[in-house]
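Chemist: I am attaching a structure below and will ask some questions about it afterwards.
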Amino acid sequence: MFSRLLIANRGEVALRIVRTCRALGVETVAVYSDADEAAPHVAAADRAERLGPAAPAESYLAGARIIDAARRAGADAVHPGYGFLSESAAFAEACGQAGLGFVGPSPDVIGAAGSKVDARRLAAAAGVPVVPGSEPADQTLEGLRAAVAAVGCPALLKPSAGGGGKGMRVIREAAETEAAIAQTRREAVAAFGDGTLYVERHLQRPRHIEVQVAGDRRGRVVHLFERECSIQRRYQKVIEESPAPALPAALRRELTAAATALARTAGYDNVGTVEFLVEGAGDGSRFYFLEMNTRLQVEHPVTELTTGVDLVWGQLEIAAGGRLPWTQSALRQRGHGIECRVYAEDPAAGFLPQAGRIELYREPAGPGIRIDSGVEEGSLVPVQYDPLLAKVVACGERRDWALARMVEALRRYAILGVETNLHLLLQVLRHPRFVRGELDTGFLDAERDALLQPPGGSALIAALAVAAASRLRGDGGRPDTAAAAPARASDPWTDLPGWRLGRP
Amino acid sequence: MFSRLLIANRGEVALRIVRTCRALGVETVAVYSDADEAAPHVAAADRAERLGPAAPAESYLAGARIIDAARRAGADAVHPGYGFLSESAAFAEACGQAGLGFVGPSPDVIGAAGSKVDARRLAAAAGVPVVPGSEPADQTLEGLRAAVAAVGCPALLKPSAGGGGKGMRVIREAAETEAAIAQTRREAVAAFGDGTLYVERHLQRPRHIEVQVAGDRRGRVVHLFERECSIQRRYQKVIEESPAPALPAALRRELTAAATALARTAGYDNVGTVEFLVEGAGDGSRFYFLEMNTRLQVEHPVTELTTGVDLVWGQLEIAAGGRLPWTQSALRQRGHGIECRVYAEDPAAGFLPQAGRIELYREPAGPGIRIDSGVEEGSLVPVQYDPLLAKVVACGERRDWALARMVEALRRYAILGVETNLHLLLQVLRHPRFVRGELDTGFLDAERDALLQPPGGSALIAALAVAAASRLRGDGGRPDTAAAAPARASDPWTDLPGWRLGRP
Amino acid sequence: MTSGSRRLRVRSGTVSRQVEVAPDGALRVEGAAEPVDVTRLDRNTYRAAVDGRRMAVWTVDDGDRCRVFADGCSFTFELDLAVAAAARSARPDEDAALAAPMPATVVATRAEPGQSVRTGDVLVVLEAMKMELTIRAPGDGVVDAVHCRQGDLVQPGVPLVTMRPRRGA
Amino acid sequence: MTSGSRRLRVRSGTVSRQVEVAPDGALRVEGAAEPVDVTRLDRNTYRAAVDGRRMAVWTVDDGDRCRVFADGCSFTFELDLAVAAAARSARPDEDAALAAPMPATVVATRAEPGQSVRTGDVLVVLEAMKMELTIRAPGDGVVDAVHCRQGDLVQPGVPLVTMRPRRGA
């Protein structure tokens, strides 16, 4: 096992990794940008090294600085977390050249999975179906028209160099093709400097189901079952669960077999995820390989709660050259796990990320509730990074039971100071379609109006009453720091009409 | 299901029950004594009713007051928790007569399990071995001598009317019999007003292993595997785990079969525990029925984490007339669970209970950690009740992994204001015998000196440095309430020699 | 309204409700059937019972606003003792005179005689004790007169704006 | 010791260690090989690095005592600036004069001339600002003279007790 691990990340995932390291007796080194000097992940680690200014390019994306920090701190390995450099083959390579263990698969596996073309080739080699589509060698209007005709309409046109849904455009009818190509190419050139386009079949409100896999350097591969991640906004997951609701047993077997075959073909040698899109329902379902993520997934706790494993421990064991700590026959799904991502964002304003200071922060707790958070009371949520504040994970014997525990936890997850998506999450959890497990990736868009209803009822009544009580009693101060702040004298306006303190 | 449940208890167990009720949508009614008006369990419930003064006899043991409170609050059922009235057949009966559901087995089952003689009779009828012993009809010196000879030395002499280890005495050789009888009888008369003595075989450093069972009113019975509870002080459990370490599979089968047989024979109709003493190791092990607890056990979370069930949900389902929600074939132990009871007590002073105000309180969190607590920062720990502050429960894929998580959680469980047993717990968890799983009920006494070593090393160095830093910077105030307290002016002594503020 | 009661107008986005606090502490929220029972548990935590069912509510002041979290929902409220002027009088449709609560400098006037205004509209902006203060319309109505100009130093109690409620509003 | 450093004696039960705080904030704990690096994270939370390894440490004042939690262990410390008197002088064996820090009333004297005392022994008990204050021996030594009696009102800076260190102690 490693003796001192540098965690090249921030926020909840850095803290998550620290926790496993503590239990393993592995020392941890945090890194931080100037925006994160006082962040919880820095306080939690055994050592900490500054990287640079807040901008990701100068801190968490600055591979050379991270490797320097590892050298300074005497670390013998680097865990990239997710996002940032976690899927950079070049960074994994650089770690190896610097004599540092890299907690992830080998650079060539990362490289292959990261390339759309190579990944599709791997899938095909493993006999895993891919969404019909191609990057036509002939990128003229004619060539692209032929490609659209080959997959049929609706078709999806996307920049080959892109990712994360950026610049994608749906062609509903053949007649739209020409205009769509022109527009998509313009955007592709603007965004990625490369106008090459990719054409694929556009699936109708598919489900996003992914399979957790793990392999070691001895060629052993297991899967740790599936996760349903169909509740998405702007191609980003919001709620994930395992097992996937109403997934036919035969389809689960096919999905997990496909994922293991792909991992085996790729020589996959750490923990990773194979993502699929599933179209149709019941026996008529078909699935297609979407992509392979060569890192710890944000939603990994859902798998940890239902299978009972510690995936970060597995990552470290394998990266340190150890054996895959799990055998397929001993792995079982038990109960139901669900994760809600709590973002600092304003759902009503198109999920606009929010930054600011968390003035009040109270985490709920209870049987079956796990919270992986990266903030605390007083934390500043910086504008530079992903606005994920925390993940609430609930498990229970049955799905309805896990949902009930989740609802109760979110109802008591008091966060004030920045807008969050807590109310939206609760609206989804209580939506009849969601409760019935009728999920697809279009859910959030389709139900948008119902989900964005402003809160009312007894919550509003209680909040109004407490606001009035607190103001009249003049005691609703800021927590903790209140002692340091000069106390406001008696509020002169409370006995006078027409008055409000503050900016107009 | 019930619609409004009164929880006739306090502290962590009351909060534990509230949490399941919230997820089930069952309204909760807290009860409280004057010592608990501001206690967390009162704040957490949907409604709250005062019982009376702090003394248990006037509050949590005052059955009639509790039933009155249930009537006032419109509750339709009562959950007794553990301790207090949880094993009072009379209270269960009174609830029934008041038209209230009682969350526990029927009064006759409670009555039978609560009587030593009836319980042994039940065990015998179920074919479960009991510790050889008897209450001789002939209570003269001759009669008792014969009883001692029948079980052999060492024998245990105990007041028939007693409980909890009070007045028990070991007879190591036959020659000690006469003196022991005289002394034990004197104490029995003094303590219980009844000099009747009971003689049984004295087991040599046995293990305490218990089996969780559950039955419904339709006669179905399952077990939920065992818990090892051998780490005890003054006959009270301190650390419990599941599975029991190094328990031969055959013995586990025998224990669980015995427990289910006993539950079936007793017509057991809720969640309960059958306790055994296990003597010897490996294939030479023998087990004896100890007692049957007709309530939720303090250590129930260990079973919840390893089997994935919610035992309080099961209790409510069954008490409301529903079916036992588990089938034996679907129940499986997975991973390892361990619980540490955090007490307000001074282990070095014979585990003397501590009372006072919790000045600072920070709960650790992380994957595989569950904390069931009954206090918060600012809580007063009253002298009138059990000094259990919280239970830390850790689970992991393997025992060593669960232990490591537990150690890391306890190291960061900051409680200041009252003495706790946290350091003792850590010493046990790190003790080589404990780590190897070599447990018996004499462990804590036998290893006392090693376990009570005062803390030193880097913890002491860090604490000394922080004490000095905090004092010199003059900023180590009380949390939260600091704003309300008058700020102390600049400390005059910090610049002067030979000075200390305070009482000599 | 009960004699001796205080009224607050609590606003958030499109929501604007009146909360009346009786001298005995009972809180009546406009639109709620029963008074709300509020107990303070610690600095920032309250317990509110709505129709007999209790819930934990957290709140924190954020400058002139009040942030509240209840039952999974967070709210940012602005509070005015807006309707108290009317309330003080037995005739709720009487003209309202709006005055400064302490010596202050007029930063800007935002109303003109005859102008129709809605509840919460800013009429005058003042500065005092390094804080910016706003005088807002206590209800829908029409401005009668503005008695101050930018730069004036105004004394407490002296009307700065008078307005009358909109008839039949 | 470094010039300008401050020293504290920190005691808990049988433990008594000296902590020296250099002007640059470096903390040297008696018995520790390296200085301890202490950073304050919030009101009650510190981070201490001992031999390069960091840990969270929590502390809270409890009257005259200081409670500290570190690494699963809780401590209750009493702190004295005991050895500072000797430290101020370039001659550490010079006689020490012990004075009140503010106007105070003598509640009791606990020392007599010629008496041998040990570090931390109470010499005089005072009361000021409704607090009880104690003057303790800054080191092992012999009491030279006691300059006050019970009931005296004493002024700051005026020696109450003079004592000399034990030779060769």
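Chain labels A, B, ... are given in the sequence in which chains occur in the structure tokens; within each chain residues are numbered consecutively from 1, and ligands are likewise numbered from 1 in the order shown.
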Sort by chain and increasing residue number a table of all residues of chain A within 12 Å of chain D, each with its closest pair of atoms and their distance in Å to one decimal, counting only C-alpha atoms, and write it as a Markdown table.

Modeler:
| residue | atom | partner | partner_atom | distance |
| --- | --- | --- | --- | --- |
| A:Arg4 | CA | D:Arg53 | CA | 11.2 |
| A:Arg22 | CA | D:Met55 | CA | 11.4 |
| A:Val26 | CA | D:Arg53 | CA | 11.7 |
| A:Glu27 | CA | D:Arg53 | CA | 8.4 |
| A:Thr28 | CA | D:Arg53 | CA | 9.6 |
| A:Val29 | CA | D:Arg53 | CA | 10.3 |
| A:Ala30 | CA | D:Arg54 | CA | 11.6 |
| A:Glu37 | CA | D:Leu41 | CA | 10.8 |
| A:Ala38 | CA | D:Leu41 | CA | 7.7 |
| A:Ala39 | CA | D:Leu41 | CA | 9.8 |
| A:Pro40 | CA | D:Leu41 | CA | 9.6 |
| A:Val42 | CA | D:Leu41 | CA | 10.7 |
| A:Ala43 | CA | D:Arg47 | CA | 7.4 |
| A:Ala44 | CA | D:Ala56 | CA | 7.7 |
| A:Ala45 | CA | D:Arg54 | CA | 7.5 |
| A:Asp46 | CA | D:Arg54 | CA | 4.8 |
| A:Arg47 | CA | D:Arg54 | CA | 6.5 |
| A:Ala48 | CA | D:Arg54 | CA | 9.4 |
| A:Ala73 | CA | D:Gly52 | CA | 10.1 |
| A:Gly74 | CA | D:Gly52 | CA | 11.4 |
| A:Glu376 | CA | D:Asp42 | CA | 11.1 |
| A:Glu377 | CA | D:Asp42 | CA | 10.3 |
| A:Gly378 | CA | D:Asp42 | CA | 9.5 |
| A:Ser379 | CA | D:Asp42 | CA | 11.2 |
| A:Pro479 | CA | D:Arg43 | CA | 11.3 |
| A:Asp480 | CA | D:Arg43 | CA | 7.5 |
| A:Thr481 | CA | D:Arg43 | CA | 8.2 |
| A:Ala482 | CA | D:Arg43 | CA | 11.0 |
| A:Ala483 | CA | D:Arg43 | CA | 9.7 |
| A:Ala484 | CA | D:Arg43 | CA | 9.8 |

Chemist: Up to 7 Å from chain A, what residues of chain B turn up? Count only C-alpha atoms and give them as a list in words.

Modeler: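 Written out as asked, the residues are Arg19, Arg22, Ala23, Gly308, Val309, Gly335, Gly366, Pro367, Arg370, Glu397, Ala404, Arg405, Glu408, Asp480, Ala482 and Ala483 of chain B.
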
Chemist: If we count only C-alpha atoms and set the cut-off at 8 Å, which residues sit around Ala108 in chain C, ignoring sequence neighbours fewer than 4 positions away in its own chain? Please answer as a ChimeraX atom specification.

Modeler: /C:124-126,149-151

Chemist: Which residues are close to Ala257 in chain A, i.e. within 10 Å by only C-alpha atoms, leaving aside same-chain residues fewer than 2 positions away? Reply as an NGL selection string.

Modeler: :A and (128 or 211 or 222-223 or 225 or 251-255 or 259-263)
